[in-house]
>>> print(open('data29.cif').read())   # mmCIF, C-alpha atoms
data_entry
loop_
_atom_site.label_atom_id
_atom_site.label_comp_id
_atom_site.auth_asym_id
_atom_site.auth_seq_id
_atom_site.Cartn_x
_atom_site.Cartn_y
_atom_site.Cartn_z
CA ASP A 19 -66.28 4.78 74.03
CA SER A 20 -68.24 2.39 71.80
CA GLY A 21 -71.11 1.93 74.27
CA VAL A 22 -70.42 -1.81 74.55
CA THR A 23 -69.41 -2.93 78.03
CA GLN A 24 -67.61 -6.08 79.08
CA THR A 25 -66.82 -7.50 82.49
CA PRO A 26 -64.48 -8.41 83.98
CA LYS A 27 -61.52 -6.63 82.39
CA HIS A 28 -59.07 -9.25 83.59
CA LEU A 29 -59.53 -12.83 84.68
CA ILE A 30 -56.85 -15.16 85.99
CA THR A 31 -57.74 -18.77 86.62
CA ALA A 32 -56.32 -22.27 86.61
CA THR A 33 -56.52 -25.08 84.07
CA GLY A 34 -59.67 -27.13 84.33
CA GLN A 35 -61.74 -24.28 85.72
CA ARG A 36 -64.86 -22.62 84.30
CA VAL A 37 -65.40 -18.88 83.81
CA THR A 38 -68.17 -16.60 82.56
CA LEU A 39 -67.58 -13.44 80.56
CA ARG A 40 -70.33 -10.84 80.34
CA CYS A 41 -71.22 -8.36 77.61
CA SER A 42 -73.81 -5.59 77.42
CA PRO A 43 -74.46 -4.31 73.90
CA ARG A 44 -75.04 -0.70 72.88
CA SER A 45 -78.50 0.59 73.64
CA GLY A 46 -80.85 -0.54 70.88
CA ASP A 47 -78.50 -3.14 69.39
CA LEU A 48 -80.06 -6.58 69.01
CA SER A 49 -77.08 -8.61 67.84
CA VAL A 50 -74.05 -9.70 69.85
CA TYR A 51 -70.89 -11.30 68.48
CA TRP A 52 -68.08 -12.96 70.41
CA TYR A 53 -64.49 -12.99 69.14
CA GLN A 54 -61.26 -14.46 70.46
CA GLN A 55 -57.95 -12.70 69.83
CA SER A 56 -54.67 -14.50 70.40
CA LEU A 57 -51.20 -13.39 69.35
CA ASP A 58 -50.83 -15.91 66.55
CA GLN A 59 -54.41 -16.20 65.29
CA GLY A 60 -55.70 -12.68 65.23
CA LEU A 61 -59.40 -11.98 65.76
CA GLN A 62 -61.48 -15.13 65.32
CA PHE A 63 -65.27 -15.17 65.24
CA LEU A 64 -66.79 -17.51 67.81
CA ILE A 65 -70.56 -17.11 67.88
CA GLN A 66 -73.40 -14.67 67.21
CA TYR A 67 -76.75 -14.11 68.89
CA TYR A 68 -79.61 -12.03 67.56
CA ASN A 69 -82.46 -11.03 69.84
CA GLY A 70 -81.92 -14.02 72.09
CA GLU A 71 -81.38 -16.67 69.45
CA GLU A 72 -78.16 -18.21 68.18
CA ARG A 73 -77.63 -17.01 64.62
CA ALA A 74 -74.17 -18.17 63.53
CA LYS A 75 -71.24 -20.22 64.79
CA GLY A 76 -67.61 -19.86 63.93
CA ASN A 77 -64.61 -21.71 65.31
CA ILE A 78 -66.07 -22.17 68.76
CA LEU A 79 -64.90 -25.13 70.82
CA GLU A 80 -67.42 -27.53 72.34
CA ARG A 81 -66.11 -26.49 75.78
CA PHE A 82 -67.37 -22.98 75.09
CA SER A 83 -71.00 -21.88 75.08
CA ALA A 84 -72.91 -18.64 75.06
CA GLN A 85 -76.37 -17.24 75.52
CA GLN A 86 -78.21 -13.96 75.15
CA PHE A 87 -80.77 -12.97 77.74
CA PRO A 88 -84.10 -11.11 77.36
CA ASP A 89 -82.43 -7.82 78.33
CA LEU A 90 -80.01 -8.53 75.41
CA HIS A 91 -76.86 -8.89 77.48
CA SER A 92 -74.80 -11.94 76.62
CA GLU A 93 -72.56 -14.32 78.48
CA LEU A 94 -69.76 -16.50 77.14
CA ASN A 95 -69.03 -19.58 79.24
CA LEU A 96 -65.64 -21.23 78.97
CA SER A 97 -65.15 -24.57 80.72
CA SER A 98 -62.38 -27.15 81.25
CA LEU A 99 -59.95 -24.33 80.56
CA GLU A 100 -56.59 -25.05 78.98
CA LEU A 101 -53.44 -22.95 78.77
CA GLY A 102 -54.18 -22.29 75.12
CA ASP A 103 -57.45 -20.57 75.97
CA SER A 104 -55.50 -17.59 77.31
CA ALA A 105 -56.48 -14.71 75.04
CA LEU A 106 -58.44 -11.51 74.73
CA TYR A 107 -62.16 -12.08 74.33
CA PHE A 108 -64.16 -9.35 72.66
CA CYS A 109 -67.83 -8.78 72.33
CA ALA A 110 -69.26 -6.66 69.53
CA SER A 111 -72.78 -5.46 68.93
CA ARG A 112 -74.76 -4.53 65.85
CA ARG A 113 -78.09 -2.75 65.52
CA GLY A 114 -79.73 -5.39 63.38
CA GLY A 115 -81.64 -5.44 60.12
CA THR A 116 -79.44 -4.21 57.28
CA THR A 117 -77.16 -2.17 59.55
CA ASP A 118 -73.77 -3.80 59.09
CA THR A 119 -71.26 -2.13 61.43
CA GLN A 120 -70.12 -3.96 64.56
CA TYR A 121 -68.94 -1.94 67.54
CA PHE A 122 -66.50 -3.62 69.89
CA GLY A 123 -66.24 -3.61 73.64
CA PRO A 124 -62.99 -3.16 75.59
CA GLY A 125 -62.46 -6.91 75.97
CA THR A 126 -61.74 -9.37 78.74
CA ARG A 127 -58.19 -10.61 79.11
CA LEU A 128 -58.22 -14.25 80.22
CA THR A 129 -55.09 -15.81 81.64
CA VAL A 130 -55.11 -19.55 82.35
CA LEU A 131 -52.28 -20.73 84.59
CA GLU B 8 -63.61 -19.85 52.73
CA ASP B 9 -63.18 -16.10 53.15
CA GLN B 10 -59.58 -14.98 53.50
CA VAL B 11 -57.98 -11.64 54.38
CA THR B 12 -54.25 -10.94 54.15
CA GLN B 13 -52.72 -7.73 55.39
CA SER B 14 -49.28 -6.39 54.57
CA PRO B 15 -46.86 -5.41 55.84
CA GLU B 16 -47.13 -7.03 59.28
CA ALA B 17 -45.36 -4.05 60.80
CA LEU B 18 -44.47 -0.59 59.52
CA ARG B 19 -42.28 2.09 61.08
CA LEU B 20 -42.66 5.62 59.76
CA GLN B 21 -41.11 8.92 60.64
CA GLU B 22 -43.61 11.58 61.61
CA GLY B 23 -44.85 13.18 58.40
CA GLU B 24 -43.78 10.25 56.18
CA SER B 25 -46.85 9.13 54.21
CA SER B 26 -47.44 5.46 53.33
CA SER B 27 -50.08 2.84 52.58
CA LEU B 28 -51.27 -0.37 54.21
CA ASN B 29 -52.60 -3.20 52.06
CA CYS B 30 -55.50 -5.60 52.59
CA SER B 31 -56.02 -8.37 50.04
CA TYR B 32 -59.19 -10.41 50.25
CA THR B 33 -60.87 -13.47 48.82
CA VAL B 34 -64.58 -13.69 49.45
CA SER B 35 -67.57 -15.16 47.68
CA GLY B 36 -69.45 -11.94 47.20
CA LEU B 37 -68.44 -8.88 49.22
CA ARG B 38 -71.07 -7.19 51.32
CA GLY B 39 -68.60 -4.79 52.88
CA LEU B 40 -64.95 -4.23 53.75
CA PHE B 41 -64.20 -2.73 57.15
CA TRP B 42 -61.19 -0.97 58.62
CA TYR B 43 -60.67 -0.84 62.38
CA ARG B 44 -57.95 0.67 64.54
CA GLN B 45 -56.82 -1.19 67.65
CA ASP B 46 -54.65 0.21 70.42
CA PRO B 47 -52.76 -2.26 72.66
CA GLY B 48 -55.08 -4.06 75.07
CA LYS B 49 -58.15 -2.23 73.75
CA GLY B 50 -61.08 -3.18 71.56
CA PRO B 51 -61.07 -2.45 67.82
CA GLU B 52 -62.38 1.01 66.95
CA PHE B 53 -64.44 1.33 63.76
CA LEU B 54 -62.96 3.57 61.05
CA PHE B 55 -64.55 2.91 57.64
CA THR B 56 -66.81 0.68 55.59
CA LEU B 57 -66.36 0.32 51.83
CA TYR B 58 -68.92 -1.45 49.66
CA SER B 59 -67.91 -1.32 46.01
CA ALA B 60 -64.81 -1.05 43.85
CA GLY B 61 -63.77 2.55 43.31
CA GLU B 62 -65.22 3.76 46.58
CA GLU B 63 -63.07 6.01 48.80
CA LYS B 64 -63.58 7.32 52.33
CA GLU B 65 -61.53 9.79 54.35
CA LYS B 66 -61.13 10.65 57.99
CA GLU B 67 -58.48 13.14 59.07
CA ARG B 68 -55.13 11.75 57.86
CA LEU B 69 -56.61 8.41 56.74
CA LYS B 70 -58.08 7.51 53.37
CA ALA B 71 -59.40 4.06 52.49
CA THR B 72 -59.84 2.81 48.94
CA LEU B 73 -61.28 -0.39 47.49
CA THR B 74 -60.72 -2.48 44.35
CA LYS B 75 -62.19 -5.87 43.46
CA LYS B 76 -59.31 -7.70 45.14
CA GLU B 77 -57.81 -5.36 47.72
CA SER B 78 -58.14 -2.29 49.84
CA PHE B 79 -55.58 0.30 50.80
CA LEU B 80 -55.41 2.49 53.86
CA HIS B 81 -53.40 5.58 52.98
CA ILE B 82 -51.89 7.55 55.85
CA THR B 83 -50.89 11.10 54.99
CA ALA B 84 -48.35 12.95 57.16
CA PRO B 85 -48.84 10.60 60.12
CA LYS B 86 -48.39 11.69 63.72
CA PRO B 87 -47.23 9.60 66.71
CA GLU B 88 -50.85 9.29 67.86
CA ASP B 89 -51.62 7.34 64.69
CA SER B 90 -49.50 4.48 66.06
CA ALA B 91 -51.78 1.45 66.42
CA THR B 92 -52.64 -1.84 64.77
CA TYR B 93 -54.92 -1.42 61.78
CA LEU B 94 -57.28 -4.30 61.08
CA CYS B 95 -59.09 -5.07 57.86
CA ALA B 96 -62.18 -7.31 57.79
CA VAL B 97 -64.61 -8.56 55.16
CA GLN B 98 -68.27 -9.29 55.48
CA ALA B 99 -69.87 -11.71 53.08
CA PRO B 100 -73.56 -12.30 52.44
CA GLY B 101 -74.88 -15.35 54.16
CA ALA B 102 -77.78 -16.23 56.41
CA GLY B 103 -77.99 -12.69 57.70
CA SER B 104 -75.22 -13.18 60.22
CA TYR B 105 -73.06 -10.19 59.11
CA GLN B 106 -70.06 -11.85 60.72
CA LEU B 107 -66.58 -10.46 60.04
CA THR B 108 -63.45 -12.26 58.86
CA PHE B 109 -60.37 -10.35 59.97
CA GLY B 110 -56.82 -10.14 58.74
CA LYS B 111 -54.01 -10.28 61.26
CA GLY B 112 -53.41 -6.56 61.08
CA THR B 113 -50.60 -4.12 60.36
CA LYS B 114 -48.83 -2.68 63.38
CA LEU B 115 -47.96 0.94 62.62
CA SER B 116 -45.38 2.83 64.61
CA VAL B 117 -44.89 6.55 63.94
CA ILE B 118 -41.63 7.91 65.30
CA PRO B 119 -41.41 11.59 66.31
#
>>> encode(input="data29.cif", output="structure tokens")
Amino acid sequence: DSGVTQTPKHLITATGQRVTLRCSPRSGDLSVYWYQQSLDQGLQFLIQYYNGEERAKGNILERFSAQQFPDLHSELNLSSLELGDSALYFCASRRGGTTDTQYFGPGTRLTVL
Amino acid sequence: EDQVTQSPEALRLQEGESSSLNCSYTVSGLRGLFWYRQDPGKGPEFLFTLYSAGEEKEKERLKATLTKKESFLHITAPKPEDSATYLCAVQAPGAGSYQLTFGKGTKLSVIP
């Protein structure tokens, strides 16, 4: 158990809908990363927050957004969903400063029908 | 752009048959190279971090090594419970983000 929690574990929805994925980092970790994992693309970095502020963006679509709250949990919002958005979404957390290791949560499996 | 290539894509070993997984990388300045293990439907589990060429780290039947262009994950006398996908990732300096660029992984199957 990495100490990172994600909810829900599974999410099934229809095209055009909007969903919110939630992540709680390990106790004491300030940084949260979101990744998407699909069969053909592997793990792709989406976005990072550090202590409530956006720090870096990867290949995140404009339909996707995220935020980190004062209690350091983070939410990833996916809107106008398409079939191709079906994937595993992982959150990872890092302590901060010069600590470099990211610890991953169990993921949310999103299925768009 | 940082790139990570892992080979082979899949590897089947008999229990006890040692082998190595390869991770080749291209990065503008390496801060660290990471190995993770991922079981089906689960999140990646951290194994090792390597920082400089010549460095080695071991954990049970696994040993990771690093050169200036690639890393190897050596598996000695594997057991069925070592079956998983092994992911390699690089971390480059830049704006303090510490983000990871992953390879697509090597799926290891160890047959009893």
>>> interface_residues(input="data29.cif", of="chain A", to="chain B", cutoff="6 Å", atoms="all atoms listed in the file", output="list in words")
Gly60, Phe122, Gly123, Pro124 and Gly125 of chain A
>>> atom_distance(input="data29.cif", atom1="atom CA of Gln120 of chain A", atom2="atom CA of Leu48 of chain A")
11.2 Å
>>> residues_around(input="data29.cif", residues="Glu77 of chain B", least_positions_apart="5", cutoff="12 Å", atoms="only C-alpha atoms", output="PyMOL selection string")
chain B and resi 10-14+28-34+37+39-41+57-62+71-72+95-97
>>> residues_around(input="data29.cif", residues="Gln86 of chain A", least_positions_apart="6", cutoff="7 Å", atoms="only C-alpha atoms", output="PyMOL selection string")
chain A and resi 67+70+92-93
>>> residues_near_point(input="data29.cif", point="(-64.2, -24.9, 80.9)", cutoff="9 Å", atoms="all atoms listed in the file", output="number ranges by chain")
A: 33-37, 81-82, 95-100
>>> atom_distance(input="data29.cif", atom1="atom CA of Arg73 of chain A", atom2="atom CA of Pro100 of chain B")
13.7 Å
>>> atom_distance(input="data29.cif", atom1="atom CA of Gln24 of chain A", atom2="atom CA of Glu88 of chain B")
25.4 Å
>>> residues_near_point(input="data29.cif", point="(-59.8, 7.9, 54.0)", cutoff="10 Å", atoms="all atoms listed in the file", output="JSON, numbers by chain")
{"B": [54, 55, 63, 64, 65, 66, 67, 68, 69, 70, 71, 72, 79, 80, 81, 82, 83]}
>>> write_last_selection(input="data29.cif", atoms="C-alpha atoms", output="compact mmCIF listing (two decimals), keeping the file's coordinate frame")
# COMPACT_ATOMS: atom_id res chain seq x y z
CA LEU B 54 -62.96 3.57 61.05
CA PHE B 55 -64.55 2.91 57.64
CA GLU B 63 -63.07 6.01 48.80
CA LYS B 64 -63.58 7.32 52.33
CA GLU B 65 -61.53 9.79 54.35
CA LYS B 66 -61.13 10.65 57.99
CA GLU B 67 -58.48 13.14 59.07
CA ARG B 68 -55.13 11.75 57.86
CA LEU B 69 -56.61 8.41 56.74
CA LYS B 70 -58.08 7.51 53.37
CA ALA B 71 -59.40 4.06 52.49
CA THR B 72 -59.84 2.81 48.94
CA PHE B 79 -55.58 0.30 50.80
CA LEU B 80 -55.41 2.49 53.86
CA HIS B 81 -53.40 5.58 52.98
CA ILE B 82 -51.89 7.55 55.85
CA THR B 83 -50.89 11.10 54.99
>>> resolve_selection(input="data29.cif", expression="the PyMOL selection byres ((chain A and resi 21) around 9)", output="PyMOL selection string")
chain A and resi 19-20+22-23+42-45+121-123
>>> resolve_selection(input="data29.cif", expression="the PyMOL selection byres ((chain A and resi 59) around 12)", output="NGL selection string")
(:A and (53-58 or 60-63 or 77 or 102-103 or 105-106)) or (:B and (108-112))
>>> resolve_selection(input="data29.cif", expression="the PyMOL selection byres ((chain B and resi 87) around 7)", output="list in words")
Glu22, Pro85, Lys86, Glu88, Asp89, Ser90, Val117, Ile118 and Pro119 of chain B
>>> residues_around(input="data29.cif", residues="Glu71 of chain A", least_positions_apart="5", cutoff="10 Å", atoms="all atoms listed in the file", output="PyMOL selection string")
chain A and resi 49+66+85-87
>>> decode(input="data29.cif", residues="segment 50-64 of chain B", atoms="all heavy atoms", output="PDB file, in the first residue's frame")
ATOM      1  N   GLY B  50      -1.687   0.062  -9.502  1.00  0.00           N
ATOM      2  CA  GLY B  50      -0.779   1.173  -9.723  1.00  0.00           C
ATOM      3  C   GLY B  50       0.675   0.727  -9.712  1.00  0.00           C
ATOM      4  O   GLY B  50       1.015  -0.287  -9.087  1.00  0.00           O
ATOM      5  N   PRO B  51       1.551   1.439 -10.409  1.00  0.00           N
ATOM      6  CA  PRO B  51       2.972   1.106 -10.385  1.00  0.00           C
ATOM      7  C   PRO B  51       3.527   1.153  -8.964  1.00  0.00           C
ATOM      8  O   PRO B  51       3.217   2.069  -8.201  1.00  0.00           O
ATOM      9  CB  PRO B  51       3.600   2.189 -11.262  1.00  0.00           C
ATOM     10  CG  PRO B  51       2.501   2.632 -12.173  1.00  0.00           C
ATOM     11  CD  PRO B  51       1.259   2.553 -11.328  1.00  0.00           C
ATOM     12  N   GLU B  52       4.395   0.171  -8.667  1.00  0.00           N
ATOM     13  CA  GLU B  52       5.030   0.069  -7.360  1.00  0.00           C
ATOM     14  C   GLU B  52       6.506   0.399  -7.514  1.00  0.00           C
ATOM     15  O   GLU B  52       7.206  -0.228  -8.311  1.00  0.00           O
ATOM     16  CB  GLU B  52       4.857  -1.338  -6.801  1.00  0.00           C
ATOM     17  CG  GLU B  52       5.585  -1.607  -5.493  1.00  0.00           C
ATOM     18  CD  GLU B  52       5.549  -3.084  -5.108  1.00  0.00           C
ATOM     19  OE1 GLU B  52       4.748  -3.827  -5.693  1.00  0.00           O
ATOM     20  OE2 GLU B  52       6.341  -3.488  -4.245  1.00  0.00           O
ATOM     21  N   PHE B  53       6.996   1.360  -6.755  1.00  0.00           N
ATOM     22  CA  PHE B  53       8.377   1.812  -6.861  1.00  0.00           C
ATOM     23  C   PHE B  53       9.359   0.707  -6.480  1.00  0.00           C
ATOM     24  O   PHE B  53       9.181   0.022  -5.458  1.00  0.00           O
ATOM     25  CB  PHE B  53       8.590   3.032  -5.963  1.00  0.00           C
ATOM     26  CG  PHE B  53      10.025   3.449  -5.829  1.00  0.00           C
ATOM     27  CD1 PHE B  53      10.701   4.026  -6.899  1.00  0.00           C
ATOM     28  CD2 PHE B  53      10.714   3.243  -4.650  1.00  0.00           C
ATOM     29  CE1 PHE B  53      12.024   4.396  -6.789  1.00  0.00           C
ATOM     30  CE2 PHE B  53      12.040   3.626  -4.517  1.00  0.00           C
ATOM     31  CZ  PHE B  53      12.692   4.196  -5.588  1.00  0.00           C
ATOM     32  N   LEU B  54      10.406   0.544  -7.318  1.00  0.00           N
ATOM     33  CA  LEU B  54      11.453  -0.434  -7.029  1.00  0.00           C
ATOM     34  C   LEU B  54      12.788   0.259  -6.723  1.00  0.00           C
ATOM     35  O   LEU B  54      13.352   0.074  -5.653  1.00  0.00           O
ATOM     36  CB  LEU B  54      11.647  -1.375  -8.225  1.00  0.00           C
ATOM     37  CG  LEU B  54      10.501  -2.332  -8.542  1.00  0.00           C
ATOM     38  CD1 LEU B  54      10.787  -3.083  -9.841  1.00  0.00           C
ATOM     39  CD2 LEU B  54      10.278  -3.299  -7.394  1.00  0.00           C
ATOM     40  N   PHE B  55      13.316   1.002  -7.719  1.00  0.00           N
ATOM     41  CA  PHE B  55      14.658   1.571  -7.594  1.00  0.00           C
ATOM     42  C   PHE B  55      14.727   2.957  -8.222  1.00  0.00           C
ATOM     43  O   PHE B  55      13.983   3.256  -9.140  1.00  0.00           O
ATOM     44  CB  PHE B  55      15.698   0.727  -8.366  1.00  0.00           C
ATOM     45  CG  PHE B  55      15.772  -0.713  -8.003  1.00  0.00           C
ATOM     46  CD1 PHE B  55      15.289  -1.680  -8.880  1.00  0.00           C
ATOM     47  CD2 PHE B  55      16.350  -1.124  -6.820  1.00  0.00           C
ATOM     48  CE1 PHE B  55      15.370  -3.016  -8.567  1.00  0.00           C
ATOM     49  CE2 PHE B  55      16.433  -2.460  -6.496  1.00  0.00           C
ATOM     50  CZ  PHE B  55      15.940  -3.416  -7.373  1.00  0.00           C
ATOM     51  N   THR B  56      15.726   3.734  -7.758  1.00  0.00           N
ATOM     52  CA  THR B  56      16.160   4.930  -8.451  1.00  0.00           C
ATOM     53  C   THR B  56      17.667   4.847  -8.646  1.00  0.00           C
ATOM     54  O   THR B  56      18.401   4.494  -7.718  1.00  0.00           O
ATOM     55  CB  THR B  56      15.874   6.214  -7.650  1.00  0.00           C
ATOM     56  OG1 THR B  56      14.533   6.201  -7.208  1.00  0.00           O
ATOM     57  CG2 THR B  56      16.113   7.445  -8.519  1.00  0.00           C
ATOM     58  N   LEU B  57      18.110   5.164  -9.867  1.00  0.00           N
ATOM     59  CA  LEU B  57      19.539   5.209 -10.180  1.00  0.00           C
ATOM     60  C   LEU B  57      19.859   6.619 -10.658  1.00  0.00           C
ATOM     61  O   LEU B  57      19.068   7.224 -11.394  1.00  0.00           O
ATOM     62  CB  LEU B  57      19.885   4.189 -11.268  1.00  0.00           C
ATOM     63  CG  LEU B  57      19.564   2.732 -10.941  1.00  0.00           C
ATOM     64  CD1 LEU B  57      19.642   1.874 -12.182  1.00  0.00           C
ATOM     65  CD2 LEU B  57      20.526   2.208  -9.881  1.00  0.00           C
ATOM     66  N   TYR B  58      21.031   7.130 -10.263  1.00  0.00           N
ATOM     67  CA  TYR B  58      21.334   8.526 -10.558  1.00  0.00           C
ATOM     68  C   TYR B  58      22.532   8.725 -11.482  1.00  0.00           C
ATOM     69  O   TYR B  58      22.584   9.717 -12.215  1.00  0.00           O
ATOM     70  CB  TYR B  58      21.598   9.286  -9.255  1.00  0.00           C
ATOM     71  CG  TYR B  58      20.396   9.379  -8.361  1.00  0.00           C
ATOM     72  CD1 TYR B  58      20.249   8.533  -7.273  1.00  0.00           C
ATOM     73  CD2 TYR B  58      19.390  10.299  -8.620  1.00  0.00           C
ATOM     74  CE1 TYR B  58      19.132   8.604  -6.463  1.00  0.00           C
ATOM     75  CE2 TYR B  58      18.268  10.383  -7.803  1.00  0.00           C
ATOM     76  CZ  TYR B  58      18.151   9.529  -6.727  1.00  0.00           C
ATOM     77  OH  TYR B  58      17.051   9.611  -5.928  1.00  0.00           O
ATOM     78  N   SER B  59      23.495   7.814 -11.438  1.00  0.00           N
ATOM     79  CA  SER B  59      24.695   8.056 -12.241  1.00  0.00           C
ATOM     80  C   SER B  59      25.214   6.754 -12.824  1.00  0.00           C
ATOM     81  O   SER B  59      24.996   5.665 -12.263  1.00  0.00           O
ATOM     82  CB  SER B  59      25.776   8.733 -11.392  1.00  0.00           C
ATOM     83  OG  SER B  59      26.073   7.953 -10.259  1.00  0.00           O
ATOM     84  N   ALA B  60      25.900   6.874 -13.954  1.00  0.00           N
ATOM     85  CA  ALA B  60      26.448   5.707 -14.643  1.00  0.00           C
ATOM     86  C   ALA B  60      27.350   4.924 -13.703  1.00  0.00           C
ATOM     87  O   ALA B  60      28.156   5.496 -12.978  1.00  0.00           O
ATOM     88  CB  ALA B  60      27.216   6.150 -15.881  1.00  0.00           C
ATOM     89  N   GLY B  61      27.178   3.595 -13.734  1.00  0.00           N
ATOM     90  CA  GLY B  61      27.959   2.723 -12.877  1.00  0.00           C
ATOM     91  C   GLY B  61      27.237   2.331 -11.596  1.00  0.00           C
ATOM     92  O   GLY B  61      27.662   1.421 -10.888  1.00  0.00           O
ATOM     93  N   GLU B  62      26.158   3.019 -11.310  1.00  0.00           N
ATOM     94  CA  GLU B  62      25.425   2.743 -10.073  1.00  0.00           C
ATOM     95  C   GLU B  62      24.629   1.443 -10.212  1.00  0.00           C
ATOM     96  O   GLU B  62      24.117   1.125 -11.280  1.00  0.00           O
ATOM     97  CB  GLU B  62      24.479   3.902  -9.747  1.00  0.00           C
ATOM     98  CG  GLU B  62      23.828   3.812  -8.384  1.00  0.00           C
ATOM     99  CD  GLU B  62      23.015   5.046  -8.059  1.00  0.00           C
ATOM    100  OE1 GLU B  62      22.974   5.984  -8.886  1.00  0.00           O
ATOM    101  OE2 GLU B  62      22.409   5.074  -6.964  1.00  0.00           O
ATOM    102  N   GLU B  63      24.549   0.676  -9.125  1.00  0.00           N
ATOM    103  CA  GLU B  63      23.778  -0.554  -9.079  1.00  0.00           C
ATOM    104  C   GLU B  63      22.950  -0.571  -7.810  1.00  0.00           C
ATOM    105  O   GLU B  63      23.396  -0.073  -6.770  1.00  0.00           O
ATOM    106  CB  GLU B  63      24.692  -1.787  -9.090  1.00  0.00           C
ATOM    107  CG  GLU B  63      25.546  -1.928 -10.324  1.00  0.00           C
ATOM    108  CD  GLU B  63      26.385  -3.204 -10.298  1.00  0.00           C
ATOM    109  OE1 GLU B  63      26.393  -3.900  -9.267  1.00  0.00           O
ATOM    110  OE2 GLU B  63      27.036  -3.497 -11.322  1.00  0.00           O
ATOM    111  N   LYS B  64      21.742  -1.166  -7.902  1.00  0.00           N
ATOM    112  CA  LYS B  64      20.921  -1.355  -6.708  1.00  0.00           C
ATOM    113  C   LYS B  64      20.272  -2.718  -6.778  1.00  0.00           C
ATOM    114  O   LYS B  64      19.930  -3.189  -7.866  1.00  0.00           O
ATOM    115  CB  LYS B  64      19.871  -0.250  -6.590  1.00  0.00           C
ATOM    116  CG  LYS B  64      20.477   1.089  -6.190  1.00  0.00           C
ATOM    117  CD  LYS B  64      19.453   2.067  -5.719  1.00  0.00           C
ATOM    118  CE  LYS B  64      20.155   3.339  -5.252  1.00  0.00           C
ATOM    119  NZ  LYS B  64      19.207   4.436  -4.992  1.00  0.00           N
TER     120      LYS B  64
END
